[in-house]
Amino acid sequence: MSKPVVAIVGRPNVGKSTLFNALAGERISIVKDTPGVTRDRIYADCSWLDREFTIIDTGGIEPDSDDVILSQMRDQAQIAIDTADVILFITDVRQGLQDADMRVCDMLRRSHKPVILVVNKVDDFKKYEADVYEFYNLGIGDPMPISSVNQIGFGDLLDKVISYFPDKTKEEEDDDTPKIAIIGKPNVGKSSLVNRLSGSDRSIVSDIAGTTRDAVDTRVTYHGRDYIFIDTAGLRRKSKVKEDLERYSVIRAVSAVDKADVVLIMIDGTEGVTEQDAKIAGIAHEQGKGIIILVNKWDAVEKDDKTIYRQTEKIRSTLAFMQYALILFVSAKTGLRVNKIYDAIDTVLNNSTLRVQTGVLNEIIAEAVAMQQPPMDKGRRLRIYYATQVSVKPPTFVFFVNYKDLMHFSYVRYLENRIRESFGFEGTALHFITRERKEDSE
């Protein structure tokens, strides 16, 4: 079930990042009094009452600026607007209503998305009451006064935000067709792959990086089974600065990965795996999705009998946090090994829903403990009473132990490796939870 996306937009220096940090509960965005400090969209998962959602922080919008960085920030904000289900339009009561607010407002109207007008920095409503009413001139509904710094007015604001979310009962009626998100840097061949898989030119394919503006869902039937592929290519851009272009792919990935059962991470085989690929892959890993790494454009790579091994080793090294991922070397252009993607998807889907019986699991854990003694500290040795699997997608295991602080990351990784050796779980992350349970006093 996909989480709604809420974008925080507005002109520079109205307090967007301060609001974002307050809602996210930690200082994720850089906060500084200099306009234009936030240049990237940054995202975080939040919840209010019983609803979960993703918030996106954006750089300030300067609608008429020719400045290169400000124009890039404007483009990034437009991506957030296109992706969002609800938009928080932030203004500044102390600066008053500005011409730039009017132009940003016009930009938001064209999105046809629900827009909530937020008047920030209202530390004292009685003092600023008349100034708040000035924002009715924008003509997009009632202004909601808040103070991001003092966290005043958040309850009413979040109540209004979640009022725009789809009804939960309707969300649960979605079909169970496997959803596969295709993510990666711009121009690695995501749209070409969708066209090859679907047998049609549904997505626009061009050598210009960032041709696909909106996420495209394509239903494909293969050997009697339906799949939904979500193409999440980058965005048009005005700057030719490659680094900034690659940042555009991140927010597309956030939304698509959330909806997906399996994620195809596309890497340009002619370029090799990069740090940006690792950032994008991390989004899928953190959400516990099934993952397949596709090394595309393999037809264009000069090869010898060791090329695949070298590429695989480089990918495993750069993406060390997801050793479990399947890797396929394909060519969307020629169709090389493309049909193997379906087999890999089916494998990952099966593994992500695999359940292990508690008795069998505990036999494996007991054997692993016998082979390598648990950690010991200050005379205390970790003791694992038993383990059980509590959920799937991703498979989640709970260990009941005597001292939770002794369950070191390295030992969890050791147990994970033993579980994978026994049951596979190829292509899917495993999630481990440690619970402390004191022994009954004798």
# chains A, B, ... in the order shown; residues from 1 in each chain; ligands from 1

call {"tool": "residues_around", "arguments": {"residues": "Val348 (chain A)", "least_positions_apart": "2", "cutoff": "8 Å", "atoms": "only C-alpha atoms", "output": "list in words"}}
result
Val262, Gly290, Ile291, Ala344, Ile345, Asp346, Asn350, Asn351, Ser352, Phe425, Glu426, Gly427 and Thr428 of chain A

call {"tool": "write_last_selection", "arguments": {"atoms": "N, CA, C and O atoms", "output": "tab-separated table (two decimals), in the first residue's frame"}}
result
chain	number	residue	atom	x	y	z
A	262	VAL	N	8.71	-5.38	-5.92
A	262	VAL	CA	10.09	-5.67	-6.34
A	262	VAL	C	10.64	-4.42	-7.02
A	262	VAL	O	9.91	-3.72	-7.73
A	290	GLY	N	12.08	-6.32	-2.37
A	290	GLY	CA	12.83	-7.27	-3.17
A	290	GLY	C	13.63	-6.49	-4.21
A	290	GLY	O	13.12	-5.53	-4.79
A	291	ILE	N	14.88	-6.89	-4.45
A	291	ILE	CA	15.76	-6.08	-5.30
A	291	ILE	C	16.46	-6.94	-6.35
A	291	ILE	O	17.02	-8.00	-6.04
A	344	ALA	N	13.50	-13.83	-12.59
A	344	ALA	CA	14.12	-13.24	-11.39
A	344	ALA	C	13.05	-12.59	-10.51
A	344	ALA	O	13.10	-12.70	-9.28
A	345	ILE	N	12.09	-11.89	-11.13
A	345	ILE	CA	11.01	-11.26	-10.36
A	345	ILE	C	10.22	-12.30	-9.59
A	345	ILE	O	9.92	-12.14	-8.41
A	346	ASP	N	9.87	-13.40	-10.27
A	346	ASP	CA	9.11	-14.46	-9.61
A	346	ASP	C	9.90	-15.06	-8.44
A	346	ASP	O	9.34	-15.33	-7.37
A	350	ASN	N	8.65	-14.80	-4.52
A	350	ASN	CA	8.49	-16.00	-3.70
A	350	ASN	C	9.33	-15.92	-2.43
A	350	ASN	O	8.88	-16.28	-1.34
A	351	ASN	N	10.56	-15.43	-2.56
A	351	ASN	CA	11.45	-15.35	-1.40
A	351	ASN	C	10.99	-14.29	-0.40
A	351	ASN	O	11.16	-14.46	0.81
A	352	SER	N	10.41	-13.21	-0.90
A	352	SER	CA	9.99	-12.14	0.01
A	352	SER	C	8.76	-12.55	0.82
A	352	SER	O	8.45	-11.93	1.85
A	425	PHE	N	16.37	-16.98	0.51
A	425	PHE	CA	15.94	-15.58	0.60
A	425	PHE	C	16.70	-14.68	-0.37
A	425	PHE	O	16.93	-13.50	-0.10
A	426	GLU	N	17.07	-15.24	-1.52
A	426	GLU	CA	17.81	-14.46	-2.50
A	426	GLU	C	16.94	-13.32	-3.04
A	426	GLU	O	15.77	-13.50	-3.35
A	427	GLY	N	17.52	-12.14	-3.11
A	427	GLY	CA	16.82	-11.00	-3.68
A	427	GLY	C	15.98	-10.20	-2.71
A	427	GLY	O	15.42	-9.17	-3.09
A	428	THR	N	15.89	-10.63	-1.47
A	428	THR	CA	15.07	-9.89	-0.51
A	428	THR	C	15.86	-9.58	0.76
A	428	THR	O	16.68	-10.39	1.21

call {"tool": "residues_around", "arguments": {"residues": "Lys404 (chain A)", "least_positions_apart": "4", "cutoff": "12 Å", "atoms": "only C-alpha atoms", "output": "ChimeraX atom specification"}}
result
/A:375-377,380-385,398-400,408-409,412,433-438

call {"tool": "residues_around", "arguments": {"residues": "Ile283 (chain A)", "least_positions_apart": "2", "cutoff": "10 Å", "atoms": "only C-alpha atoms", "output": "list in words"}}
result
Val250, Ile251, Ala253, Val254, Val257, Asp258, Ala278, Lys279, Ile280, Ala281, His285, Glu286, Gln287, Gly288 and Lys289 of chain A

call {"tool": "residues_around", "arguments": {"residues": "region 226-232 of chain A", "least_positions_apart": "3", "cutoff": "6 Å", "atoms": "only C-alpha atoms", "output": "PyMOL selection string"}}
result
chain A and resi 177-183+215-221+252

call {"tool": "write_last_selection", "arguments": {"atoms": "C-alpha atoms", "output": "PDB file, in the first residue's frame"}}
result
ATOM      1  CA  THR A 177      -0.843  -7.793  -9.190  1.00  0.00           C
ATOM      2  CA  PRO A 178       2.905  -7.656  -8.509  1.00  0.00           C
ATOM      3  CA  LYS A 179       4.219  -4.107  -8.882  1.00  0.00           C
ATOM      4  CA  ILE A 180       7.767  -3.663 -10.111  1.00  0.00           C
ATOM      5  CA  ALA A 181       9.448  -0.245  -9.901  1.00  0.00           C
ATOM      6  CA  ILE A 182      12.282   0.555 -12.280  1.00  0.00           C
ATOM      7  CA  ILE A 183      14.630   3.103 -10.734  1.00  0.00           C
ATOM      8  CA  ALA A 215       5.866   7.964 -13.551  1.00  0.00           C
ATOM      9  CA  VAL A 216       4.192   5.559 -15.977  1.00  0.00           C
ATOM     10  CA  ASP A 217       2.466   2.325 -14.910  1.00  0.00           C
ATOM     11  CA  THR A 218       2.459  -0.366 -17.586  1.00  0.00           C
ATOM     12  CA  ARG A 219       0.593  -3.667 -17.188  1.00  0.00           C
ATOM     13  CA  VAL A 220       2.310  -6.588 -18.916  1.00  0.00           C
ATOM     14  CA  THR A 221       1.189 -10.213 -19.207  1.00  0.00           C
ATOM     15  CA  ARG A 252      10.883   9.583  -8.212  1.00  0.00           C
TER      16      ARG A 252
END

call {"tool": "closest_residue", "arguments": {"among": "A:Met102, A:Ile90, A:Val356, A:Val273", "to": "Arg310 (chain A)", "atoms": "only C-alpha atoms"}}
result
A:Val273
